[in-house]
Amino acid sequence: MRKSIYLLSAAMLGMMASCVDKEPNGGGGEMPGINEVPGFSTVNEVTLDIDYGYDGYSPNFGIYIENPYNEDGTKKDGVEPYFGSFTDENSSYKASISLPAYVKTVYLCSSSVGVPRCLELNVENGAIAYKFELPELPGTTLGTRAGYNDDPCYVVAKPTTIDRRNKLYGLYNNIKQNNRVDGVRVSYWAYNDGVDDLYSVDMSRETSALLRRTQAMLTDRRGNKKDNSEYTSDSEDTNITIPTTFEGKELEGCHLDLVFIDATGEYENAMGYYYYKTGTTPDISSLPKYVVFPLTTDGKPNHPVKARLQFYGENYDEAGTDDFPGGYTIGWVLFPNIDRTAGGWFVNYDSWKIADINDGIAEVYSDGMAIYSNSEYNRNMKKGCITLNDTETGRVVIGFEDQTNNPEGSDNSFDDILFYVESNPDVIYNEDRPDIPEEPEEPSYDTYTTCATLAFEDIWPTGGDYDLNDVIVEQTRTVTYNSNGYITEIKDAFKVTNLNGSADYVDAFGFTVASNAVGDASGAVAVEEDNQFIMLADAQAAIGNTCELVRTFEDGELANEGFDDEFNPFIVVNYVAGEKNRTEVHLPKHAATSWANMEQQGTADDAYYVNKNGKYPFAISLEGVTGWVPVTEEVTIGSVGEYPQYNNWVEAGCPTSGQYADWYLSK
């Protein structure tokens, strides 16, 4: 992370001040005070404040300055987070981060289960904030009655008809998509008179621990999807069978809760259940299917939603009850890609109607594209879901692959939709299902990538033409960090992009970093004292080439939160390897190295690497941009056709946000 920090030492300030009495080599006038000179920073320091609402859960997140998803929900190639981290153990994060000055909107995205996949957030008043708040679920409570182990029961009169001909029903009435929490749309399923108190929200510590274990099992250490087909099983192990006896007694009934925890698929999907007598062969076409979760996709809804499954009698013609009797088996059905509308429901939230969703579900079913846990009814009899035991909680985790019926195949991640089931009493454990292992001791890893264009004027300290094109280097930095909160690697790639003939000198390029951020470094042309890394001995000779410096760190050595390596880039004019007392050009108000000729500081037109009139820097870092078009040779930056908004930016005081902060994006 790059921050705008004044690095000038007291000794240097004293030396520069003494230069006021000297005869300037270029007649640059009096030396201004350091506070009178602008810093020409294009970095905006903002406070990032995130609260995902869990207790005992530490999801990862990334801050993107470009939406990483296409309109169809697929991930864009080459779009990486500009910052990333893991939250604390209570799913919160608050710290200062650096963003390019032109950024007004960011995208908060996460690959962790149970949290929003991607949220668009504004940068306002120097802050970015997201706080999850439990939605206020509407409806009239009809009261509860005591259940097993004081488990509250639910009152359900009848399901909502989706398609009576196809025996499709929904346990919901409407989707409340217009509720906003801190400007972020929150979707959930609402109650109605027929389904009262059916849905609730589960953000418990127990669920948080389950999310951690599930994440570790079904994704790689960076949270990416992986092939989980090894966990698929036949319906005998996938479906939930309720025994007729429990603890030596006849089982009178059992409560089953189904809890949505995550959706990572690109499709808009619906999910439900069906039931039949244990030991019989179900006729899937004649069984009623009850849709519990009518619309899920790509991180939506953004919280775990719990629903009590209902039993409608042996012949499916009775009022719903919480009590599933022994001797029945529950299977699962996924209705993939139910969005049959132009542009998709998530493109226009206000167009959502439950009737449209019902029509989409019915159409998918009629097309024979539904995916069943009884795999004999799927295309090519392919297994469409995995079922896992969580031995810590007794819950059963279900994962669906929403492209099971896709003839072109799928990634077999089986985490496109994730749910868990729990029963009261606890009768659903099946030792033949794979067990979710304990959390791994080794930390998880992730990365973020920043970029900048570094432009230098090598006619220093005398005033040049201020075209800032003598040396131009594109920097791309990739930071690897872990869930312990530490950075393990920093990889800086530097590509020379100035034009042939833009400089007459042999200009070397290098940088310094803070002593605690050196680590184990490799890739420099030369490493000099005081943490000086020379990356290019002759920038003109290296045009088009890229070099890298890789720094590695032990876990616990360099914290990710508040990270600042005090990156201080510079060029050396007429570079000679190993030669001291040299001419160095740095960013405004940044310190020269101990090898620089300090007698040059503050002479001629120089004032802390800025022209004494305060209008032009001798070097600048353009944050968040590569492919920058250089200023025409011998034409001053800010001239007509040469980034004219630059002048407005300087006259406004070089603001790091708001108007003119994006001046360098348009020539």
# chains A, B, ... in the order shown; residues from 1 in each chain; ligands from 1
>>> closest_atom_pairs(of="range 387-462 of chain A", to="range 559-572 of chain A", cutoff="9 Å", atoms="only C-alpha atoms", output="JSON lines")
{"residue": "A:Leu454", "atom": "CA", "partner": "A:Pro569", "partner_atom": "CA", "distance": 8.1}
{"residue": "A:Phe456", "atom": "CA", "partner": "A:Ile571", "partner_atom": "CA", "distance": 7.5}
{"residue": "A:Asp458", "atom": "CA", "partner": "A:Ile571", "partner_atom": "CA", "distance": 7.8}
>>> write_last_selection(atoms="N, CA and C atoms", output="short mmCIF file (atom, residue, chain, number, x, y, z; two decimals), in the first residue's frame")
data_model
loop_
_atom_site.label_atom_id
_atom_site.label_comp_id
_atom_site.auth_asym_id
_atom_site.auth_seq_id
_atom_site.Cartn_x
_atom_site.Cartn_y
_atom_site.Cartn_z
N LEU A 454 5.03 5.83 -12.68
CA LEU A 454 6.02 6.75 -12.11
C LEU A 454 6.68 7.51 -13.25
N PHE A 456 9.27 10.79 -14.42
CA PHE A 456 10.37 11.60 -13.91
C PHE A 456 10.86 12.60 -14.95
N ASP A 458 14.36 14.42 -15.72
CA ASP A 458 15.75 14.21 -15.29
C ASP A 458 16.60 15.48 -15.33
#
>>> residues_around(residues="Phe400 in chain A", least_positions_apart="5", cutoff="9 Å", atoms="only C-alpha atoms", output="count of residues only")
13
>>> select_by_dssp(residues="range 262-427 of chain A", states="strand (DSSP E)", output="number ranges by chain")
A: 262-263, 269-277, 289-296, 305-308, 328-335, 371-372, 385-390, 395-400, 417-424
>>> residues_around(residues="Ser502 in chain A", least_positions_apart="2", cutoff="8 Å", atoms="only C-alpha atoms", output="list in words")
Asn469, Asp470, Val471, Asn498, Leu499, Asn500, Asp504 and Glu633 of chain A
>>> write_last_selection(atoms="all heavy atoms", output="PDB file, in the first residue's frame")
ATOM      1  N   ASN A 469       8.500  12.944 -19.026  1.00  0.00           N
ATOM      2  CA  ASN A 469       8.553  11.743 -19.863  1.00  0.00           C
ATOM      3  C   ASN A 469       9.965  11.208 -20.055  1.00  0.00           C
ATOM      4  O   ASN A 469      10.195  10.339 -20.889  1.00  0.00           O
ATOM      5  CB  ASN A 469       7.909  12.012 -21.230  1.00  0.00           C
ATOM      6  CG  ASN A 469       8.700  13.007 -22.073  1.00  0.00           C
ATOM      7  OD1 ASN A 469       9.783  13.450 -21.697  1.00  0.00           O
ATOM      8  ND2 ASN A 469       8.153  13.365 -23.231  1.00  0.00           N
ATOM      9  N   ASP A 470      10.930  11.749 -19.277  1.00  0.00           N
ATOM     10  CA  ASP A 470      12.309  11.295 -19.451  1.00  0.00           C
ATOM     11  C   ASP A 470      12.462   9.838 -19.019  1.00  0.00           C
ATOM     12  O   ASP A 470      13.131   9.050 -19.686  1.00  0.00           O
ATOM     13  CB  ASP A 470      13.261  12.187 -18.648  1.00  0.00           C
ATOM     14  CG  ASP A 470      13.228  13.627 -19.149  1.00  0.00           C
ATOM     15  OD1 ASP A 470      12.913  13.828 -20.337  1.00  0.00           O
ATOM     16  OD2 ASP A 470      13.485  14.536 -18.353  1.00  0.00           O
ATOM     17  N   VAL A 471      11.858   9.505 -17.894  1.00  0.00           N
ATOM     18  CA  VAL A 471      11.790   8.112 -17.442  1.00  0.00           C
ATOM     19  C   VAL A 471      10.360   7.854 -16.984  1.00  0.00           C
ATOM     20  O   VAL A 471       9.828   8.584 -16.142  1.00  0.00           O
ATOM     21  CB  VAL A 471      12.768   7.824 -16.283  1.00  0.00           C
ATOM     22  CG1 VAL A 471      12.591   6.382 -15.791  1.00  0.00           C
ATOM     23  CG2 VAL A 471      14.209   8.055 -16.723  1.00  0.00           C
ATOM     24  N   ASN A 498       8.754   4.757 -21.188  1.00  0.00           N
ATOM     25  CA  ASN A 498       9.047   6.031 -21.847  1.00  0.00           C
ATOM     26  C   ASN A 498       9.456   5.774 -23.297  1.00  0.00           C
ATOM     27  O   ASN A 498       9.851   4.669 -23.677  1.00  0.00           O
ATOM     28  CB  ASN A 498      10.139   6.801 -21.115  1.00  0.00           C
ATOM     29  CG  ASN A 498      11.342   5.954 -20.755  1.00  0.00           C
ATOM     30  OD1 ASN A 498      11.298   5.261 -19.744  1.00  0.00           O
ATOM     31  ND2 ASN A 498      12.387   5.993 -21.565  1.00  0.00           N
ATOM     32  N   LEU A 499       9.348   6.814 -24.128  1.00  0.00           N
ATOM     33  CA  LEU A 499       9.598   6.675 -25.550  1.00  0.00           C
ATOM     34  C   LEU A 499      11.088   6.772 -25.854  1.00  0.00           C
ATOM     35  O   LEU A 499      11.864   7.382 -25.106  1.00  0.00           O
ATOM     36  CB  LEU A 499       8.835   7.753 -26.324  1.00  0.00           C
ATOM     37  CG  LEU A 499       7.320   7.777 -26.114  1.00  0.00           C
ATOM     38  CD1 LEU A 499       6.701   8.938 -26.882  1.00  0.00           C
ATOM     39  CD2 LEU A 499       6.696   6.449 -26.528  1.00  0.00           C
ATOM     40  N   ASN A 500      11.491   6.161 -26.962  1.00  0.00           N
ATOM     41  CA  ASN A 500      12.879   6.272 -27.399  1.00  0.00           C
ATOM     42  C   ASN A 500      13.257   7.732 -27.610  1.00  0.00           C
ATOM     43  O   ASN A 500      12.502   8.503 -28.203  1.00  0.00           O
ATOM     44  CB  ASN A 500      13.077   5.500 -28.715  1.00  0.00           C
ATOM     45  CG  ASN A 500      13.183   4.007 -28.490  1.00  0.00           C
ATOM     46  OD1 ASN A 500      13.985   3.556 -27.678  1.00  0.00           O
ATOM     47  ND2 ASN A 500      12.370   3.242 -29.206  1.00  0.00           N
ATOM     48  N   ASP A 504      18.359  12.193 -22.672  1.00  0.00           N
ATOM     49  CA  ASP A 504      19.725  12.193 -23.197  1.00  0.00           C
ATOM     50  C   ASP A 504      20.706  11.565 -22.222  1.00  0.00           C
ATOM     51  O   ASP A 504      21.855  11.300 -22.585  1.00  0.00           O
ATOM     52  CB  ASP A 504      20.176  13.622 -23.510  1.00  0.00           C
ATOM     53  CG  ASP A 504      19.349  14.252 -24.628  1.00  0.00           C
ATOM     54  OD1 ASP A 504      18.913  13.505 -25.524  1.00  0.00           O
ATOM     55  OD2 ASP A 504      19.136  15.479 -24.579  1.00  0.00           O
ATOM     56  N   GLU A 633       7.090  15.171 -26.170  1.00  0.00           N
ATOM     57  CA  GLU A 633       8.441  15.626 -25.875  1.00  0.00           C
ATOM     58  C   GLU A 633       8.562  17.143 -25.997  1.00  0.00           C
ATOM     59  O   GLU A 633       8.101  17.749 -26.969  1.00  0.00           O
ATOM     60  CB  GLU A 633       9.437  14.935 -26.818  1.00  0.00           C
ATOM     61  CG  GLU A 633      10.885  15.363 -26.651  1.00  0.00           C
ATOM     62  CD  GLU A 633      11.458  14.934 -25.307  1.00  0.00           C
ATOM     63  OE1 GLU A 633      10.860  14.072 -24.629  1.00  0.00           O
ATOM     64  OE2 GLU A 633      12.513  15.470 -24.941  1.00  0.00           O
TER      65      GLU A 633
END
>>> atom_distance(atom1="CA of Asn70 in chain A", atom2="CA of Thr453 in chain A")
26.7 Å
>>> residues_around(residues="range 477-488 of chain A", least_positions_apart="2", cutoff="8 Å", atoms="only C-alpha atoms", output="number ranges by chain")
A: 60, 85-86, 443-451, 475, 490-493, 552-561
>>> residues_around(residues="range 608-613 of chain A", least_positions_apart="2", cutoff="9 Å", atoms="only C-alpha atoms", output="PyMOL selection string")
chain A and resi 8+13+16+28-32+34+37-40+460-463+585-591+601-602+604-606+615-619
>>> residues_around(residues="Asp227 in chain A", least_positions_apart="2", cutoff="12 Å", atoms="only C-alpha atoms", output="PDB file with all heavy atoms, in the first residue's frame")
ATOM      1  N   MET A 217     -13.140 -26.856   3.618  1.00  0.00           N
ATOM      2  CA  MET A 217     -13.267 -28.153   2.958  1.00  0.00           C
ATOM      3  C   MET A 217     -13.537 -28.024   1.467  1.00  0.00           C
ATOM      4  O   MET A 217     -12.980 -28.783   0.663  1.00  0.00           O
ATOM      5  CB  MET A 217     -14.393 -28.954   3.614  1.00  0.00           C
ATOM      6  CG  MET A 217     -14.568 -30.349   3.047  1.00  0.00           C
ATOM      7  SD  MET A 217     -15.862 -31.259   3.923  1.00  0.00           S
ATOM      8  CE  MET A 217     -15.702 -32.879   3.146  1.00  0.00           C
ATOM      9  N   LEU A 218     -14.376 -27.073   1.074  1.00  0.00           N
ATOM     10  CA  LEU A 218     -14.866 -27.028  -0.298  1.00  0.00           C
ATOM     11  C   LEU A 218     -14.106 -26.071  -1.210  1.00  0.00           C
ATOM     12  O   LEU A 218     -14.363 -26.032  -2.414  1.00  0.00           O
ATOM     13  CB  LEU A 218     -16.352 -26.673  -0.312  1.00  0.00           C
ATOM     14  CG  LEU A 218     -17.282 -27.660   0.402  1.00  0.00           C
ATOM     15  CD1 LEU A 218     -18.735 -27.221   0.257  1.00  0.00           C
ATOM     16  CD2 LEU A 218     -17.099 -29.079  -0.127  1.00  0.00           C
ATOM     17  N   THR A 219     -13.204 -25.259  -0.670  1.00  0.00           N
ATOM     18  CA  THR A 219     -12.413 -24.348  -1.495  1.00  0.00           C
ATOM     19  C   THR A 219     -10.938 -24.542  -1.195  1.00  0.00           C
ATOM     20  O   THR A 219     -10.570 -25.180  -0.201  1.00  0.00           O
ATOM     21  CB  THR A 219     -12.798 -22.881  -1.247  1.00  0.00           C
ATOM     22  OG1 THR A 219     -12.498 -22.537   0.114  1.00  0.00           O
ATOM     23  CG2 THR A 219     -14.276 -22.650  -1.496  1.00  0.00           C
ATOM     24  N   ASP A 220     -10.081 -23.983  -2.059  1.00  0.00           N
ATOM     25  CA  ASP A 220      -8.657 -24.080  -1.779  1.00  0.00           C
ATOM     26  C   ASP A 220      -8.265 -23.024  -0.755  1.00  0.00           C
ATOM     27  O   ASP A 220      -9.113 -22.291  -0.235  1.00  0.00           O
ATOM     28  CB  ASP A 220      -7.835 -23.960  -3.062  1.00  0.00           C
ATOM     29  CG  ASP A 220      -7.947 -22.584  -3.732  1.00  0.00           C
ATOM     30  OD1 ASP A 220      -8.361 -21.611  -3.072  1.00  0.00           O
ATOM     31  OD2 ASP A 220      -7.627 -22.485  -4.931  1.00  0.00           O
ATOM     32  N   ASN A 224     -10.791 -20.228  -3.594  1.00  0.00           N
ATOM     33  CA  ASN A 224     -11.236 -20.481  -4.955  1.00  0.00           C
ATOM     34  C   ASN A 224     -11.986 -21.812  -5.044  1.00  0.00           C
ATOM     35  O   ASN A 224     -11.735 -22.746  -4.281  1.00  0.00           O
ATOM     36  CB  ASN A 224     -10.041 -20.509  -5.910  1.00  0.00           C
ATOM     37  CG  ASN A 224      -9.280 -19.199  -5.926  1.00  0.00           C
ATOM     38  OD1 ASN A 224      -9.880 -18.134  -6.009  1.00  0.00           O
ATOM     39  ND2 ASN A 224      -7.963 -19.272  -5.840  1.00  0.00           N
ATOM     40  N   LYS A 225     -12.889 -21.901  -6.020  1.00  0.00           N
ATOM     41  CA  LYS A 225     -13.613 -23.139  -6.246  1.00  0.00           C
ATOM     42  C   LYS A 225     -12.656 -24.262  -6.620  1.00  0.00           C
ATOM     43  O   LYS A 225     -11.625 -24.038  -7.255  1.00  0.00           O
ATOM     44  CB  LYS A 225     -14.638 -22.951  -7.366  1.00  0.00           C
ATOM     45  CG  LYS A 225     -15.861 -22.121  -6.987  1.00  0.00           C
ATOM     46  CD  LYS A 225     -16.753 -21.918  -8.206  1.00  0.00           C
ATOM     47  CE  LYS A 225     -18.039 -21.194  -7.859  1.00  0.00           C
ATOM     48  NZ  LYS A 225     -18.998 -22.070  -7.190  1.00  0.00           N
ATOM     49  N   SER A 229     -16.245 -33.364  -6.553  1.00  0.00           N
ATOM     50  CA  SER A 229     -17.079 -34.498  -6.954  1.00  0.00           C
ATOM     51  C   SER A 229     -16.816 -35.744  -6.124  1.00  0.00           C
ATOM     52  O   SER A 229     -17.649 -36.659  -6.110  1.00  0.00           O
ATOM     53  CB  SER A 229     -16.874 -34.793  -8.446  1.00  0.00           C
ATOM     54  OG  SER A 229     -15.503 -34.971  -8.758  1.00  0.00           O
ATOM     55  N   GLU A 230     -15.693 -35.797  -5.425  1.00  0.00           N
ATOM     56  CA  GLU A 230     -15.405 -36.963  -4.578  1.00  0.00           C
ATOM     57  C   GLU A 230     -16.397 -37.093  -3.425  1.00  0.00           C
ATOM     58  O   GLU A 230     -16.509 -38.167  -2.821  1.00  0.00           O
ATOM     59  CB  GLU A 230     -13.988 -36.872  -4.013  1.00  0.00           C
ATOM     60  CG  GLU A 230     -13.767 -35.667  -3.100  1.00  0.00           C
ATOM     61  CD  GLU A 230     -12.344 -35.587  -2.566  1.00  0.00           C
ATOM     62  OE1 GLU A 230     -11.921 -36.528  -1.847  1.00  0.00           O
ATOM     63  OE2 GLU A 230     -11.659 -34.587  -2.869  1.00  0.00           O
ATOM     64  N   TYR A 231     -17.135 -36.015  -3.118  1.00  0.00           N
ATOM     65  CA  TYR A 231     -18.066 -36.049  -1.987  1.00  0.00           C
ATOM     66  C   TYR A 231     -19.498 -36.378  -2.404  1.00  0.00           C
ATOM     67  O   TYR A 231     -20.397 -36.392  -1.564  1.00  0.00           O
ATOM     68  CB  TYR A 231     -18.056 -34.710  -1.249  1.00  0.00           C
ATOM     69  CG  TYR A 231     -16.678 -34.302  -0.774  1.00  0.00           C
ATOM     70  CD1 TYR A 231     -16.167 -33.035  -1.077  1.00  0.00           C
ATOM     71  CD2 TYR A 231     -15.880 -35.166  -0.044  1.00  0.00           C
ATOM     72  CE1 TYR A 231     -14.908 -32.652  -0.651  1.00  0.00           C
ATOM     73  CE2 TYR A 231     -14.611 -34.792   0.379  1.00  0.00           C
ATOM     74  CZ  TYR A 231     -14.135 -33.538   0.067  1.00  0.00           C
ATOM     75  OH  TYR A 231     -12.886 -33.171   0.487  1.00  0.00           O
ATOM     76  N   THR A 232     -19.730 -36.603  -3.704  1.00  0.00           N
ATOM     77  CA  THR A 232     -21.084 -36.966  -4.130  1.00  0.00           C
ATOM     78  C   THR A 232     -21.413 -38.378  -3.648  1.00  0.00           C
ATOM     79  O   THR A 232     -20.515 -39.192  -3.392  1.00  0.00           O
ATOM     80  CB  THR A 232     -21.221 -36.910  -5.660  1.00  0.00           C
ATOM     81  OG1 THR A 232     -20.280 -37.807  -6.255  1.00  0.00           O
ATOM     82  CG2 THR A 232     -20.994 -35.503  -6.168  1.00  0.00           C
ATOM     83  N   ILE A 386     -23.829 -32.890  -3.130  1.00  0.00           N
ATOM     84  CA  ILE A 386     -23.034 -33.554  -2.108  1.00  0.00           C
ATOM     85  C   ILE A 386     -23.727 -33.363  -0.764  1.00  0.00           C
ATOM     86  O   ILE A 386     -24.458 -32.389  -0.563  1.00  0.00           O
ATOM     87  CB  ILE A 386     -21.594 -33.002  -2.040  1.00  0.00           C
ATOM     88  CG1 ILE A 386     -21.607 -31.498  -1.717  1.00  0.00           C
ATOM     89  CG2 ILE A 386     -20.855 -33.266  -3.344  1.00  0.00           C
ATOM     90  CD1 ILE A 386     -20.219 -30.905  -1.531  1.00  0.00           C
ATOM     91  N   GLU A 401     -24.537 -28.659  -7.452  1.00  0.00           N
ATOM     92  CA  GLU A 401     -23.874 -28.208  -8.663  1.00  0.00           C
ATOM     93  C   GLU A 401     -24.965 -27.804  -9.647  1.00  0.00           C
ATOM     94  O   GLU A 401     -25.727 -28.648 -10.130  1.00  0.00           O
ATOM     95  CB  GLU A 401     -23.010 -29.313  -9.256  1.00  0.00           C
ATOM     96  CG  GLU A 401     -22.374 -28.973 -10.588  1.00  0.00           C
ATOM     97  CD  GLU A 401     -21.549 -27.692 -10.531  1.00  0.00           C
ATOM     98  OE1 GLU A 401     -20.642 -27.598  -9.684  1.00  0.00           O
ATOM     99  OE2 GLU A 401     -21.851 -26.774 -11.339  1.00  0.00           O
ATOM    100  N   SER A 410     -19.392 -29.076 -16.176  1.00  0.00           N
ATOM    101  CA  SER A 410     -19.368 -28.058 -15.127  1.00  0.00           C
ATOM    102  C   SER A 410     -18.046 -28.144 -14.386  1.00  0.00           C
ATOM    103  O   SER A 410     -17.213 -29.012 -14.672  1.00  0.00           O
ATOM    104  CB  SER A 410     -20.527 -28.283 -14.147  1.00  0.00           C
ATOM    105  OG  SER A 410     -20.342 -29.515 -13.455  1.00  0.00           O
ATOM    106  N   ASP A 411     -17.854 -27.235 -13.419  1.00  0.00           N
ATOM    107  CA  ASP A 411     -16.610 -27.250 -12.647  1.00  0.00           C
ATOM    108  C   ASP A 411     -16.668 -28.213 -11.469  1.00  0.00           C
ATOM    109  O   ASP A 411     -15.679 -28.393 -10.758  1.00  0.00           O
ATOM    110  CB  ASP A 411     -16.253 -25.848 -12.164  1.00  0.00           C
ATOM    111  CG  ASP A 411     -17.336 -25.235 -11.284  1.00  0.00           C
ATOM    112  OD1 ASP A 411     -18.258 -25.957 -10.857  1.00  0.00           O
ATOM    113  OD2 ASP A 411     -17.254 -24.023 -11.016  1.00  0.00           O
ATOM    114  N   ASN A 412     -17.838 -28.820 -11.235  1.00  0.00           N
ATOM    115  CA  ASN A 412     -18.003 -29.811 -10.161  1.00  0.00           C
ATOM    116  C   ASN A 412     -17.617 -29.267  -8.787  1.00  0.00           C
ATOM    117  O   ASN A 412     -17.118 -29.996  -7.934  1.00  0.00           O
ATOM    118  CB  ASN A 412     -17.178 -31.078 -10.462  1.00  0.00           C
ATOM    119  CG  ASN A 412     -17.709 -31.852 -11.646  1.00  0.00           C
ATOM    120  OD1 ASN A 412     -18.924 -31.949 -11.851  1.00  0.00           O
ATOM    121  ND2 ASN A 412     -16.813 -32.401 -12.451  1.00  0.00           N
ATOM    122  N   SER A 413     -17.864 -27.979  -8.572  1.00  0.00           N
ATOM    123  CA  SER A 413     -17.565 -27.398  -7.263  1.00  0.00           C
ATOM    124  C   SER A 413     -18.596 -27.801  -6.215  1.00  0.00           C
ATOM    125  O   SER A 413     -18.288 -27.875  -5.031  1.00  0.00           O
ATOM    126  CB  SER A 413     -17.504 -25.877  -7.355  1.00  0.00           C
ATOM    127  OG  SER A 413     -18.776 -25.345  -7.718  1.00  0.00           O
ATOM    128  N   PHE A 414     -19.843 -28.018  -6.637  1.00  0.00           N
ATOM    129  CA  PHE A 414     -20.931 -28.422  -5.752  1.00  0.00           C
ATOM    130  C   PHE A 414     -21.117 -27.448  -4.579  1.00  0.00           C
ATOM    131  O   PHE A 414     -21.580 -27.833  -3.515  1.00  0.00           O
ATOM    132  CB  PHE A 414     -20.720 -29.854  -5.232  1.00  0.00           C
ATOM    133  CG  PHE A 414     -20.888 -30.893  -6.306  1.00  0.00           C
ATOM    134  CD1 PHE A 414     -19.784 -31.327  -7.043  1.00  0.00           C
ATOM    135  CD2 PHE A 414     -22.128 -31.414  -6.612  1.00  0.00           C
ATOM    136  CE1 PHE A 414     -19.933 -32.260  -8.052  1.00  0.00           C
ATOM    137  CE2 PHE A 414     -22.287 -32.356  -7.619  1.00  0.00           C
ATOM    138  CZ  PHE A 414     -21.184 -32.780  -8.337  1.00  0.00           C
ATOM    139  N   ASP A 415     -20.745 -26.198  -4.805  1.00  0.00           N
ATOM    140  CA  ASP A 415     -21.004 -25.167  -3.795  1.00  0.00           C
ATOM    141  C   ASP A 415     -21.768 -23.997  -4.406  1.00  0.00           C
ATOM    142  O   ASP A 415     -21.778 -22.900  -3.852  1.00  0.00           O
ATOM    143  CB  ASP A 415     -19.703 -24.668  -3.159  1.00  0.00           C
ATOM    144  CG  ASP A 415     -18.795 -23.933  -4.151  1.00  0.00           C
ATOM    145  OD1 ASP A 415     -19.069 -23.973  -5.373  1.00  0.00           O
ATOM    146  OD2 ASP A 415     -17.803 -23.341  -3.705  1.00  0.00           O
ATOM    147  N   ASP A 416     -22.423 -24.247  -5.556  1.00  0.00           N
ATOM    148  CA  ASP A 416     -23.194 -23.175  -6.190  1.00  0.00           C
ATOM    149  C   ASP A 416     -24.329 -22.731  -5.278  1.00  0.00           C
ATOM    150  O   ASP A 416     -24.723 -21.563  -5.283  1.00  0.00           O
ATOM    151  CB  ASP A 416     -23.742 -23.635  -7.535  1.00  0.00           C
ATOM    152  CG  ASP A 416     -22.627 -23.926  -8.529  1.00  0.00           C
ATOM    153  OD1 ASP A 416     -21.632 -23.191  -8.519  1.00  0.00           O
ATOM    154  OD2 ASP A 416     -22.753 -24.891  -9.294  1.00  0.00           O
TER     155      ASP A 416
END
>>> closest_residue(among="A:Glu408, A:Glu439, A:Asp298, A:Glu422", to="Lys75 in chain A", atoms="only C-alpha atoms")
A:Asp298
>>> atom_distance(atom1="CA of Leu468 in chain A", atom2="CA of Thr632 in chain A")
9.3 Å
>>> select_by_dssp(residues="range 235-371 of chain A", states="helix (DSSP H, G or I)", output="ChimeraX atom specification")
/A:235-238,349-351,354-366
